[in-house]
Structures are given as C-alpha cells and as structure tokens.
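Structure first, then comments.
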Protein chains: 2
Amino acid sequence: MAAEPETPEAGTGRVRLTFKPDGGEVRVPAGTTVFDGASWNGIAIDSTCGGHGTCRKCKVRITSGNVPIDTLDPRAFTPDQLNLGWRLACRALATHDLEIEVPPLETRPKAALVGVGRHVILRPAVQKRYLELDEPSLEDQASDLERVIGAVDDLDLRAELGAARGLGRTLRQADFKVTAVICDDVLIDVEPGDTSERRHAIAFDLGTTTVVATLLDLSTGQPLAVRSMLNRQQPFGADVISRVSATMMDPDALEMLQQRAHETMNQLATEVCEEAGLPPHEVYEIVVCGNVTMMQLALGIDPEPLGMSPFIITARRLPPSRAVDFGVRVHPRAPAAVFPALGAYVGGDIVAGMLATGLTRDRRIRLFIDVGTNSEIALGSSERVVATAAPAGPAFEAAQIRCGMRAAEGAIEGVAIKGDELTLEVIGDTAPVGMCGSGLVDAVAQLVSCGLLDHSGRFIPDEQAAQEHPELSKRLVAVGEERVFVLAWRGDDPANSVYLSQRDVRELQFAKASIATGWTILLKELGIGVEDIGQVLLAGSFGSYLSPASAVRIGLVPKMALPRIISAGNVAGEGAKMAALSLRERAAADAILDEVEYVELSGRADFNDLFMDQLGFPG
Amino acid sequence: MAAEPETPEAGTGRVRLTFKPDGGEVRVPAGTTVFDGASWNGIAIDSTCGGHGTCRKCKVRITSGNVPIDTLDPRAFTPDQLNLGWRLACRALATHDLEIEVPPLETRPKAALVGVGRHVILRPAVQKRYLELDEPSLEDQASDLERVIGAVDDLDLRAELGAARGLGRTLRQADFKVTAVICDDVLIDVEPGDTSERRHAIAFDLGTTTVVATLLDLSTGQPLAVRSMLNRQQPFGADVISRVSATMMDPDALEMLQQRAHETMNQLATEVCEEAGLPPHEVYEIVVCGNVTMMQLALGIDPEPLGMSPFIITARRLPPSRAVDFGVRVHPRAPAAVFPALGAYVGGDIVAGMLATGLTRDRRIRLFIDVGTNSEIALGSSERVVATAAPAGPAFEAAQIRCGMRAAEGAIEGVAIKGDELTLEVIGDTAPVGMCGSGLVDAVAQLVSCGLLDHSGRFIPDEQAAQEHPELSKRLVAVGEERVFVLAWRGDDPANSVYLSQRDVRELQFAKASIATGWTILLKELGIGVEDIGQVLLAGSFGSYLSPASAVRIGLVPKMALPRIISAGNVAGEGAKMAALSLRERAAADAILDEVEYVELSGRADFNDLFMDQLGFPG
C-alpha cells in the first residue's frame with residue numbers, strides 16, 4: 001500500500017478510482033464503496049452476494065491510497081494480505097483517490113447493453129441455487145429451513161413465511177435435491193430439482209398514458225417479450241392532475257384507479273409470459289418505474305397532497321412492496337422493486353431515466369428533458385446534478401389543442417414548409433384527422449421559420465401574409481372569431497379541417513416557456529451557460545419523437561448543434577430493465593436521491609420574469 | 001474502570017454481573033449484553049428503543065471489569081466519560097465478571113408480575129408516540145413518511161406499505177398532530193390525535209385441546225379480559241399425531257385444520273375485545289405460543305415430517321408472520337410474535353414455559369414437566385439446561401382410558417382411600433360419569449398405597465383382596481374378561497359404572513414410565529442425582545391439576561418433599577404474556593434456543609432398559 005492518502009479534490013466531494021490492470025478510471029462521490037464504484041462503471045469484481053458482505057469474494061488490493069480494515073476483512077484475509085492492502089471491495093469506502101488492483105475474474109460475468117449505451121453487469125436481485133442436501137436423521141435434526149439456508153452460506157438469508165409452507169413436502173418429494181429461489185437476501189421459494197437456469201423478471205414502465213412491460217431472462221440479460229398498452233386509468237383523465245382530482249371528488253375513485261392500474265399491469269404480465277411461453281410463476285420479481293402519482297395510485301396511496309401546494313409526496317423511498325401489491329400475478333411472493341422519487345413531480349420515472357442515461361456518472365454536462373404534461377428537467381454531470389419539474393400543461397399531450405390527438409393512426413406527426421409548399425407526415429400514411437404533439441411543435445416551428453408566425457407568437461396580418469406567401473396564406477383563415485392555419489383541408493369548411501389555431505400556438509408557448517424557464521433556472525443554479533452543455537437528451541414517449549430542429553426553433557431546448565440533441569427514447573423503461581438486471585444499478589438509482597438536488601420552481605421570486613422572457617420565439 | 005478483567009468461571013461459560021447501587025447480582029451466559037442481563041433479572045435501565053442502539057439512553061458505568069468501546073459509544077459519551085467506563089448497556093457485551101453502576105431512572109418503569117412470580121419490566125414491542133409535526137411548505141417539502149419517521153429520532157424506523165396508504169389524509173385531517181403506532185422497529189400506522197395511552201396486545205396459548213386468549217393493556221401490563229375455548233380442530237383428532245395423520249390422508253385437511261385454528265383464535269379475539277369494550281383495531285400485536293404441530297397447522301405449514309422419524313420441524317425460528325396469518329382480525333398490520341421451538345416435540349409452548357418459570361435464569365436445579373400426550377421435560381439451572389420430549393401416549397388425556405373423559409362436569413378428578421373408605425372429588429359436585437387424568441393418577445396411587453395394586457401394577461388376587469380390604473374388595477370385579485376396580489357404581493352392572501380397568505393401569509404405567517425415563521436420562525446428561533433437584537414444576541393444563549403426592553406415589557416425578565413439587569399452572573400462557581409485555585423477555589425466549597440442549601430419546605441405546613426399570617411403581 002502506498003504513501004499518504006490524498007484528499008478529495010477541493011469542493012467536489014468526488015474521488016478518483018483507478019482500476020488495474022484495465023486502467024479504467026472513474027470519479028465517484030466520496031464514501032462510495034470500491035465495489036459500487038466499479039460496478040457503476042462496468043468494471044466486474046467477483047461476488048455472489050451482491051455486495052452484502054457475506055460471500056467474501058470481492059477481493060481487491062489497494063495499491064495507492066489508504067482504506068481502513070473493516071471488521072469483515074480479517075475473516076477473508078491473512079494479516080500479511082491485509083498489510084499488502086487486500087480488502088473486500090464491498091466494504092472498502094473510497095474517501096480519497098485510490099488505485100485498485102482487481103484480480104482476474106474466476107468466471108466471466110455476463111453483461112447486457114441497456115439504457116443509453118450502458119453496459120450492465122448481470123447481478124440481478126433474483127438468484128437461484130441448486131442444492132443437494134444431506135437427508136435429516138436422528139443424529140442430524142436440523143430444521144428444514146435451516147438446512148436450506150445453511151447450504152447457501154455465502155448469503156445471510158431470511159425466509160418468507162410462504163416459502164416455509166410446502167417446504168417439508170418439496171424437500172422429501174425431491175429427495176432433498178432442490179433449487180432455492182432468492183430475491184436479494186430473502187428466500188422466497190424452494191423448487192424441486194434443478195431449475196437454476198430459469199429465472200425471470202418483468203420491468204414495467206407505468207406511464208400516465210402508456211404502460212410497457214418487458215419480460216427479461218435474468219440468466220442472459222435478454223428481453224424475451226415486450227408489450228405495451230394504454231393505461232386503463234384513461235377514463236379518469238388524461239393527465240396526473242385530473243386523476244388526482246378524481247380521487248378528491250369521489251371517495252371510491254382511488255380504489256377504482258388502483259384497480260385499473262392493476263388490470264393494466266397484470267394483462268401485460270400475462271401477455272409477455274404467453275408470448276415467451278413461460279409459466280407466470282417463473283417470474284420472481286417485478287421492477288416498476290412511474291411518476292409519483294402513478295405509483296401512489298397503483299399502490300392505493302392517497303395522492304391528494306400531490307395535487308396542491310406544497311406538493312408533498314408520501315415517501316421518497318416507498319416501503320417494501322410485492323408484485324401482488326400491483327395486482328401482478330406472477331410468483332406469489334415476487335417482490336416489487338420500485339424506483340425512489342426526488343419530489344412530487346420528479347418521480348421514479350425520471351430517476352430511472354437518469355440511471356439509464358448515466359446522467360450522474362458522466363463527466364459531460366448534459367441536459368435531460370422528459371417532455372410531457374409535467375416536464376421533468378435535470379442538468380449536470382458526475383460533479384453535480386440539479387433537477388426540477390416544469391408544469392408544462394397539456395399542450396404536448398394535445399388535450400387542449402383544438403385538433404389535437406394522441407400519436408395514433410391519422411395524426412400529423414411531422415410538418416415541413418419549403419418555400420410555399422407544405423408537406424405532412426401522417427402516422428399510418430392515411431388521411432390526417434388531427435395532430436399529435438410532435439406535429440404541433442413542427443407546425444409552429446415551421447410557421448415561425450417562414451414568418452407566418454411572428455416572434456411574439458401572433459399570426460401576421462392577412463395582407464402581409466398574402467404578400468409574402470401567396471399560396472400558404474390561403475390556409476390562414478378564420479374559424480369563428482379565431483384565426484387558424486389549416487394543415488389539412490377536409491372539404492371547404494376550415495372548421496371541419498385539421499388546423500392550428502392562434503390559441504393552440506399560445507398553449508404551446510406557455511408549455512415551452514415553462515420548460516425553458518426550468519432549464520434556465522437550473523443553469524443559474526449551476527452557475528453555467530448554454531455553451532457549457534455538452535448534450536441534450538430528449539426523453540419520454542413524447543420527447544423522443546420531437547424533431548430536434550423544431551425543438552431548438554421554438555426555444556424548447558437551448559440553441560446548439562443539432563447532433564448534440566439526442567432522442568434518448570423510453571429511458572424510464574430502460575432504467576427499469578437495468579434495475580432488474582443488476583442490484584448495483586438499483587443501488588445507483590437509490591444513490592441518485594442523495595446526489596441530485598431538487599429545485600422547486602413554485603414560489604421562486606425569479607420565476608415570473610424568466611418565464612416572460614421565454615414566452616416568445618427565439619430570433 | 002478497575003484493574004484486570006477476570007475470566008469466566010471455569011467451564012460454566014457464565015459471568016457474574018453486579019449492579020450498583022441496588023446490589024443486585026445475576027449470572028448470565030458470557031456474551032450477553034449488560035442491558036439484557038439487567039432486564040432478564042428485573043433491573044431497570046433507561047431505554048426507549050428497546051435495546052436497538054438508537055435511543056442512546058441506556059447509559060451505565062463499568063466500575064470493575066473491562067468492556068471495549070463500541071462504535072456507538074463515542075456518539076453518546078465524551079472521551080472523558082468513556083475513560084471513566086461509561087458505556088451503552090445495550091452494546092456492552094459481558095465476557096467476564098463485571099460491576100456496573102446504573103444511574104437512577106429518569107422515569108420509574110412500570111412493571112407487572114407475571115409467570116411464576118416473575119417481575120417483568122414493561123417494554124412492549126408496541127410503542128406509541130404522540131407527535132406534533134411542522135406542516136410542510138415549499139421550503140420544507142419533506143415527504144409525509146420522512147416527516148413522521150424523522151420525528152421519532154430515537155428509533156430506526158421502517159414503515160409498512162399499508163401505513164403509507166392513508167398517511168397523507170390522516171396528517172392533514174389531524175393538523176399534523178398524530179400518534180405513530182410502532183411495533184418493534186416498524187411503523188404500522190399513524191392515528192389522528194393523541195392515542196398514545198391506548199395500546200393492547202393479545203397473548204394466545206394455542207393448545208391442542210384448549211386455546212386461551214388474554215387481552216393485555218400494554219400501558220399498565222394488566223390483563224383486561226381472558227377467554228378460553230376448545231380448539232375447533234378437535235374433530236380431526238384429540239392429539240397432535242392424529243391431526244398430522246389427518247393431513248396425510250386427505251389433501252384438503254391441512255387447509256381445513258388451518259381454518260379451524262383461525263376460527264378458534266379469531267372468536268377468542270373477538271370475545272376478549274368485546275368483554276373489554278375495545279375496538280379490535282386497537283390490538284396492535286398478538287403473541288402466540290403452541291406446540292410445533294399447532295403452530296405449523298395454524299400457519300398452513302405442511303406438518304407431515306413432524307409425524308415420522310426423524311421428526312423434523314420446518315423451522316426453529318419461523319419467518320415473520322402477522323395476526324392475519326393466524327386469521328386474527330385485529331389491527332390489519334398487527335404482527336404476530338411467535339415463540340421459537342427446540343425440536344418437533346419441544347415446541348414454543350415449552351419455551352414459553354421455561355421463560356415463565358425462569359428455568360434458565362434460576363440458580364436452583366429444577367425439573368420442569370409439562371404432562372400430556374407428549375410430555376416435555378426440562379432439567380437444569382442457570383448453569384445448564386437439557387430438555388427432551390417423552391411420548392407418554394394418551395393416558396393423561398384420558399382418550400385410551402375405558403371410563404376416561406376430559407376434565408369437565410361429572411369427571412372424577414380426585415380419589416382418596418382411607419382405611420376401607422373411598423372418597424371421590426367430582427368436578428361440578430355432581431354424580432360421576434367418568435374420570436379425568438388427575439383422577440386416574442389419584443386412583444392408581446391410592447390403590448398402590450393400600451395394596452390393591454401390587455408394585456408391578458397388577459390387581460392382587462381376589463382372595464387376598466377380600467382378606468385385606470373386606471369393603472373395598474367388593475369393588476374389584478370383572479367386566480368381560482378384564483378385572484376392574486369400580487370407583488362409582490351406576491346400578492348393579494359394573495360395565496355401566498365408572499371404573500378403573502387393569503388395562504387402564506397398564507396405560508398409565510407406560511405413560512409415567514416414559515416420563516420417568518425422560519428425566520432419568522436428563523439427570524444422567526447433567527451427571528446429577530434426584531437429590532440435587534431443588535424443585536419440580538408440574539405444568540400444562542393437565543400437570544397443574546395433578547396431586548403432587550400421587551405423582552410421587554406412582555413414580556411420575558422423583559421422590560422428594562411434597563412442598564418442593566409445585567403446580568406451576570398454565571406457564572405457556574404466562575410466557576406468552578411476558579413476551580407481549582417485554583421485548584427483553586422475548587429476546588430471552590429466543591436465547592433459550594441456544595441455552596437449552598435438546599436430547600432426542602428415540603433411538604437411544606439406554607432408553608429401553610431405563611424404561612423397563614421405570615414401569616413398576618416405587619416401593
């Protein structure tokens with residue numbers, strides 16, 4: 001072990017870990033364990049207990065820097081080895097820069113590529129162990145449960161009551177050759193024979209609009225089936241606010257909303273198992289991410305305080321739950337792993353997104369925006385991340401837009417204006433019947449670009465329009481009192497056509513101004529400027545379809561080179577998959593709660609001024 | 001702190017703790033915490049967390065002996081205080097003899113007298129805390145759950161999912177003035193207003209024959225109501241073996257037996273709450289003791305391996321369970337505390353009995369016998385305790401006895417012979433219709449004493465009887481082929497009367513020989529003789545009614561002065577009450593598993609010889 005410990009870099013609270021012989025180098029918050037630091041960065045260290053300090057396999061040698069000897073270390077190493085710097089990585093706290101020698105792995109760990117190009121080492125919470133146990137005798141009267149638990153000596157197992165119920169029979173019918181099914185440190189079942197290769201989990205992205213379920217083979221890390229469907233809570237309102245309101249109006253609504261969520265999730269679970277030809281009881285865990293309202297409704301937790309200032313959530317880290325608490329009928333004792341939430345409007349879906357994008361682990365400063373009725377925004381790098389929620393209103397969900405519709409067949413999803421010519425992209429290549437959010441953003445962006453909308457968001461006067469755009473100006477007509485721009489004629493009456501109204505433009509201005517105010521305030525918090533942002537990640541089922549050019553044109557994202565604006569896809573769902581595949585990623589998600597600072601916009605003195613600045617379109 | 005540490009007394013593994021200024025002195029197994037050592041012996045040390053190391057109130061000073069500084073100590077004491085020997089009692093392991101100074105208590109702890117004269121300091125697992133919380137604001141957006149848990153800063157609380165469900169509403173309707181309901185370290189509910197004085201538990205003695213429920217006021221330690229009823233599993237057989245057999249014959253029997261146990265327990269819970277005028281949801285915990293078969297059946301755990309050699313139990317310490325797992329509908333999240341079991345036939349009822357009698361804490365050598373179909377026997381003192389189970393057969397339950405009946409109205413429970421005169425004690429002072437176990441033992445003992453039964457257990461020849469007992473010998477008649485002694489005539493036909501048959505005597509001989517062989521083997525294990533036994537405790541609903549003189553006369557207990565043979569009553573039920581009143585007593589019950597050595601009689605080479613020696617009656 002080398003000389004004097006170095007101090008953490010001034011003011012950052014981060015320390016540098018250099019792994020040998022690979023040479024990988026990562027920066028992690030001071031106090032992170034070496035095991036976590038390695039895992040979060042795709043560097044594999046042997047372990048079977050997942051970092052619980054029981055298997056004593058995660059042996060590393062500290063070659064530079066100083067790590068105190070933990071109480072467990074003397075059980076794993078000789079005094080000589082301790083002097084040479086050998087430590088258990090899961091117990092070694094990195095309080096300053098370290099160089100760490102990692103022995104070659106005994107078995108090559110499996111890994112999967114998930115999230116935004118994230119390499120995840122397979123260490124699921126679900127483990128199976130095939131055991132050939134000694135049969136009991138009058139000389140060896142150990143209880144059945146102790147016999148099983150004692151055979152898994154690298155884990156400090158607890159058992160579920162349900163796992164004890166048929167244990168005696170299973171052991172005897174299987175001649176004491178059984179497979180222990182373990183979730184984290186809990187024995188949830190004992191199966192006859194060797195079933196150790198068969199273990200699965202379902203990752204749920206529980207969205208307000210759409211729910212996605214991915215069935216994962218935990219032995220390989222590969223998805224076996226993916227299904228999505230509309231959240232059956234839709235009849236209670238399109239957005240979270242209307243669903244919270246429903247519970248305030250009707251005392252039975254919470255139970256009904258819970259029931260609808262359960263039906264949705266269980267139907268998806270049934271479908272993915274059917275598609276993969278898998279009995280549902282072979283799914284031993286579910287992972288759920290969703291916004292705070294969706295999580296509380298699904299678990300039957302009163303959401304009322306979410307709906308009004310000061311926007312209080314019931315728990316940032318929810319108490320332990322099971323698949324059955326979500327109405328999902330897989331293995332009866334399958335636990336449910338749930339993402340923690342930063343605040344009422346930065347929920348587990350966003351934490352999952354941050355996990356999938358590696359926002360808190362990357363050295364680049366990145367801006368993450370999940371665009372929706374409530375838009376969540378996070379900004380930062382491995383140094384520091386701040387996050388907030390901007391109440392964008394329903395423009396992007398198209399609910400308040402005259403000809404708005406969901407992104408379904410017949411929706412205009414793209415608009416292009418070249419010269420005096422208008423081109424539409426329509427979902428399903430059919431006759432347009434409305435426009436979805438990305439179509440709205442494109443339409444406004446194109447109309448601003450060609451000058452039919454001025455920078456304040458007003459349609460220019462008819463005469464000016466006729467002069468500058470003789471063809472396009474024919475589409476600028478009136479419906480009732482209001483001026484509208486017809487995107488697609490249906491007959492002669494503009495009222496029957498698909499159009500963008502002046503009020504629609506105003507709705508979008510409010511929404512994008514809200515988001516832009518959010519990231520402006522976050523930039524202020526970090527004391528940096530737009531030019532410091534290395535990448536913008538547009539996320540969510542809506543954000544992913546936005547045209548980066550249009551997003552910049554209307555000022556929804558900061559102006560920068562378009563290749564640096566990335567459609568990150570359904571990052572929440574990717575985060576859920578990562579958590580299903582790796583206990584370490586799950587720990588990283590939990591750590592995000594302490595690493596990310598939540599900035600509340602409501603009641604901020606500078607909000608209104610900044611918001612007014614952002615209402616117009618950039619010049 | 002004084003000089004050199006002393007070593008434990010050679011070979012005992014026990015250490016002496018002397019408490020000042022009271023001068024109390026106790027001997028405990030080396031490695032016990034000072035806090036436990038004090039609590040088990042009725043010496044109160046301040047604490048609110050029940051020994052979890054979180055409240056830091058259990059401050060004591062080690063004045064002689066050496067206790068290393070625990071990681072928590074520096075948070076509770078200054079370096080000067082540490083040097084003076086101050087330690088947290090819950091973290092101070094006694095590895096050798098210690099003198100300990102206990103500061104005067106800030107509040108006088110409540111205590112209750114339960115068990116066999118045991119003084120129990122009230123420290124129930126169920127705690128309530130009245131909290132007046134700050135209302136949240138945009139500046140203070142702590143989640144509801146963190147607000148509650150943060151206010152209980154002397155405990156390291158976890159929460160149940162169910163406790164989160166209505167939390168938001170409760171806090172706001174009660175203006176953030178609420179009472180936290182805590183079981184051990186789990187928040188199970190939050191109630192509006194101040195309900196801190198209202199906390200209750202039910203202690204169940206789940207017997208094969210009779211089930212007893214005691215409703216306890218945990219604020220005072222006093223019982224509010226006691227009810228008992230026959231176990232509704234009776235139709236499946238009188239004893240544990242027949243109930244286990246039932247589950248082996250009929251695949252539905254386990255579920256039916258579980259259902260019957262639940263009905264029995266829930267009816268008793270309802271009755272005790274009604275009697276005390278208490279809403280059931282104010283019962284926050286249940287404690288259950290019972291033999292292994294009763295516990296496994298009630299929890300739906302396959303009991304088959306209990307019924308055949310090598311007699312394997314599912315778990316000595318069962319996984320955590322709740323009141324609902326026993327079908328008891330009190331507070332929906334009330335946990336169930338369950339006694340651990342030493343083996344298939346030394347179950348939680350016996351552990352509870354050992355707790356109530358303080359068998360492992362008393363310096364005298366005592367013999368504990370729970371007399372029943374399966375008789376459990378324990379022998380020892382605070383030095384060492386050994387235990388076994390003797391399959392006594394059904395004689396005591398009167399099932400295999402010709403005129404046997406349960407101890408109900410009309411049962412002969414006592415028999416006295418003076419000269420030629422026979423006197424009967426009959427339950428209910430009514431005409432006798434049968435005899436219960438204690439009547440059987442009395443009858444045999446009296447007939448042996450007066451000589452009508454010889455020492456081999458045979459009725460003496462008619463002629464000899466007529467000569468020696470002219471009156472009594474008229475009762476010595478034949479029913480069919482068998483000689484019987486009529487206890488109570490009903491008409492002239494002895495077959496219609498209440499009598500003791502030769503075969504009944506044989507049944508009793510087998511039963512008492514089995515028990516006597518049990519304690520003989522335990523005496524051998526400890527290397528002591530009958531003369532070393534200071535006290536005999538007869539326990540169980542049956543043993544408590546046995547006449548000590550008759551028990552000695554037939555050789556069921558060793559011969560000794562009768563005042564040293566104590567009817568200890570329903571010690572299992574008392575043990576369950578103690579566990580409900582005190583977390584420390586519960587820990588003591590758990591420690592019994594490690595302190596008591598189980599001796600398996602089946603398959604022992606010396607069993608048969610010893611058994612034959614015990615078959616006759618003592619001279």
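Chain lettering (A, B, ...) mirrors the order of the structure tokens, residue numbering begins at 1 for each chain separately, and ligand numbering begins at 1 in order of display.
Non-sequential neighbours of A:Val505 (distance at most 9 Å, separation of 6 or more positions within a chain, only C-alpha atoms) are Ile401, Leu440, Val444, Gly457 and Arg458 of chain A.
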TODO: Compute the chain A side of the contact with chain B at 7 Å, counting only C-alpha atoms, and hand it back as a ChimeraX atom specification.
DONE: /A:136-138,141,143-146,159-161,164-166,168-169,300-302,305,310,312-316,319-321
- [ ] Write out as a list of chain:residue names all residues of stretch 120-239 of chain A that DSSP puts in helix (DSSP H, G or I) for this structure's backbone.
- [x] A:Asp144, A:Leu145, A:Glu146, A:Arg147, A:Val148, A:Ile149, A:Gly150, A:Ala151, A:Leu161, A:Gly162, A:Ala163, A:Ala164, A:Arg165, A:Leu167, A:Gly168, A:Arg169, A:Thr170, A:Leu171, A:Arg172, A:Gln173, A:Gln234, A:Pro235, A:Phe236
Open item on the list: Under the rule that only C-alpha atoms are counted, which of A:Val552, A:Leu218, A:Ala466, A:Ile188 is the nearest residue to A:Pro124?
Closed with: A:Leu218
- [ ] Please give the complete set of residues from stretch 185-330 of chain B that DSSP, run on the backbone, assigns to strand (DSSP E), formatted as a ChimeraX atom specification.
- [x] /B:186-192,200-206,210-217,223-230,283-290,321-322
Task: Separation of atom CA of A:Glu282 from atom CA of A:Arg129 in Å - done: 14.5 Å
Task: Counting only C-alpha atoms, the option among B:Ser381, B:Val34, B:Thr209, B:Leu215 closest to B:Gly277 - done: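 Checking each of B:Ser381, B:Val34, B:Thr209, B:Leu215 against B:Gly277, counting only C-alpha atoms, the winner is B:Leu215.
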TODO: Find the residues near A:Cys49: any atom within 8 Å, counting only C-alpha atoms, skip ones fewer than 4 places away on the same chain, and give them as a list in words.
DONE: Gly53, Thr54, Cys55, Asp154 and Leu155 of chain A
TODO: Would you work out the distance separating atom CA of A:Ala151 from atom CA of A:Val126, expressed in Å to one decimal?
DONE: 17.2 Å
TODO: Give me, please, the distance in Å between atom CA of B:Asp134 and atom CA of B:Phe176, quoted to one decimal.
DONE: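 Those two atoms sit 7.0 Å apart.
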Task: Who sits within 10 Å of stretch 355-358 of chain B, only C-alpha atoms, same chain under 4 positions skipped, as a VMD selection string - done: chain B and resid 40 to 41 114 to 118 349 to 351 362 to 363 366 368 381 to 382 537 539 568 570 to 579 585 to 586 588 to 592
- [ ] Kindly indicate which residue among B:Leu581, B:Arg506, B:Glu275, B:Ile202 lies nearest to B:Ser219, using only C-alpha atoms for the distances.
- [x]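 Smallest distance to B:Ser219 is found for B:Leu581.
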Non-local contacts of stretch 514-528 of chain A (6 Å; only C-alpha atoms; under 4 positions in same chain excluded) as a compact mmCIF listing (two decimals) with N, CA, C and O atoms, in the first residue's frame:
```txt
# COMPACT_ATOMS: atom_id res chain seq x y z
N ALA A 390 -41.33 21.18 -14.46
CA ALA A 390 -41.99 22.35 -15.01
C ALA A 390 -43.41 21.96 -15.41
O ALA A 390 -43.59 21.04 -16.20
N ALA A 392 -45.81 22.00 -17.62
CA ALA A 392 -45.90 22.46 -18.99
C ALA A 392 -47.34 22.58 -19.47
O ALA A 392 -47.61 23.23 -20.47
N LEU A 556 -37.62 25.42 -27.10
CA LEU A 556 -37.88 24.43 -26.06
C LEU A 556 -36.56 23.91 -25.50
O LEU A 556 -36.45 23.62 -24.31
N LEU A 610 -38.34 35.33 -15.64
CA LEU A 610 -37.69 34.41 -16.58
C LEU A 610 -38.72 33.81 -17.54
O LEU A 610 -38.46 33.65 -18.73
N PHE A 611 -39.89 33.51 -17.00
CA PHE A 611 -40.94 32.91 -17.80
C PHE A 611 -41.36 33.89 -18.91
O PHE A 611 -41.50 33.50 -20.08
```
Task: Residues within 7 Å of stretch 418-423 of chain B, only C-alpha atoms, excluding chain neighbours under 5 positions, as a ChimeraX atom specification - done: /B:469,471-472
Residues of the last selection are to be written out with all heavy atoms, as a PDB file, in the first residue's frame.
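The result, written out as out-v1.pdb:
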```
ATOM      1  N   HIS B 469     -58.915 -56.078  52.480  1.00  0.00           N
ATOM      2  CA  HIS B 469     -59.827 -54.925  52.362  1.00  0.00           C
ATOM      3  C   HIS B 469     -61.246 -55.427  52.134  1.00  0.00           C
ATOM      4  O   HIS B 469     -61.741 -55.384  50.997  1.00  0.00           O
ATOM      5  CB  HIS B 469     -59.411 -54.029  51.191  1.00  0.00           C
ATOM      6  CG  HIS B 469     -58.076 -53.376  51.383  1.00  0.00           C
ATOM      7  ND1 HIS B 469     -57.889 -52.263  52.179  1.00  0.00           N
ATOM      8  CD2 HIS B 469     -56.862 -53.689  50.885  1.00  0.00           C
ATOM      9  CE1 HIS B 469     -56.624 -51.900  52.147  1.00  0.00           C
ATOM     10  NE2 HIS B 469     -55.970 -52.771  51.378  1.00  0.00           N
ATOM     11  N   GLU B 471     -64.199 -54.338  52.592  1.00  0.00           N
ATOM     12  CA  GLU B 471     -65.171 -53.465  51.938  1.00  0.00           C
ATOM     13  C   GLU B 471     -64.760 -53.130  50.506  1.00  0.00           C
ATOM     14  O   GLU B 471     -65.506 -53.330  49.556  1.00  0.00           O
ATOM     15  CB  GLU B 471     -65.329 -52.152  52.724  1.00  0.00           C
ATOM     16  CG  GLU B 471     -66.334 -52.238  53.852  1.00  0.00           C
ATOM     17  CD  GLU B 471     -67.703 -52.747  53.373  1.00  0.00           C
ATOM     18  OE1 GLU B 471     -68.239 -52.194  52.381  1.00  0.00           O
ATOM     19  OE2 GLU B 471     -68.226 -53.721  53.980  1.00  0.00           O
ATOM     20  N   LEU B 472     -63.521 -52.614  50.401  1.00  0.00           N
ATOM     21  CA  LEU B 472     -63.040 -52.165  49.083  1.00  0.00           C
ATOM     22  C   LEU B 472     -63.027 -53.285  48.059  1.00  0.00           C
ATOM     23  O   LEU B 472     -63.266 -53.069  46.869  1.00  0.00           O
ATOM     24  CB  LEU B 472     -61.617 -51.602  49.202  1.00  0.00           C
ATOM     25  CG  LEU B 472     -61.470 -50.201  49.784  1.00  0.00           C
ATOM     26  CD1 LEU B 472     -59.998 -49.837  49.894  1.00  0.00           C
ATOM     27  CD2 LEU B 472     -62.214 -49.180  48.935  1.00  0.00           C
TER      28      LEU B 472
END
```
Within 10 Å of A:Gly439, counting only C-alpha atoms, which residues show up once you throw out same-chain ones fewer than 6 positions away? Write them as a short mmCIF file (atom, residue, chain, number, x, y, z; two decimals) with C-alpha atoms, in the first residue's frame, please.
```cif
data_model
loop_
_atom_site.label_atom_id
_atom_site.label_comp_id
_atom_site.auth_asym_id
_atom_site.auth_seq_id
_atom_site.Cartn_x
_atom_site.Cartn_y
_atom_site.Cartn_z
CA PHE A 396 -47.79 18.20 -25.62
CA ALA A 398 -52.56 17.50 -27.32
CA GLY A 404 -55.05 17.63 -31.01
CA ALA A 407 -49.93 9.84 -31.58
CA ALA A 411 -52.19 12.02 -36.53
CA ILE A 412 -49.95 14.57 -38.22
CA GLU A 413 -46.59 13.94 -36.57
CA GLY A 414 -44.37 16.00 -38.84
CA VAL A 415 -44.77 19.23 -40.79
CA ALA A 416 -42.36 20.73 -43.30
CA LEU A 424 -47.19 16.48 -43.81
CA GLU A 425 -46.07 13.25 -42.19
CA VAL A 426 -49.08 11.29 -41.00
CA ALA A 445 -41.54 25.83 -35.72
CA TYR A 545 -40.39 11.93 -31.27
CA LEU A 546 -39.70 15.66 -31.23
CA SER A 547 -37.66 16.99 -34.11
CA SER A 550 -38.11 22.24 -34.26
#
```
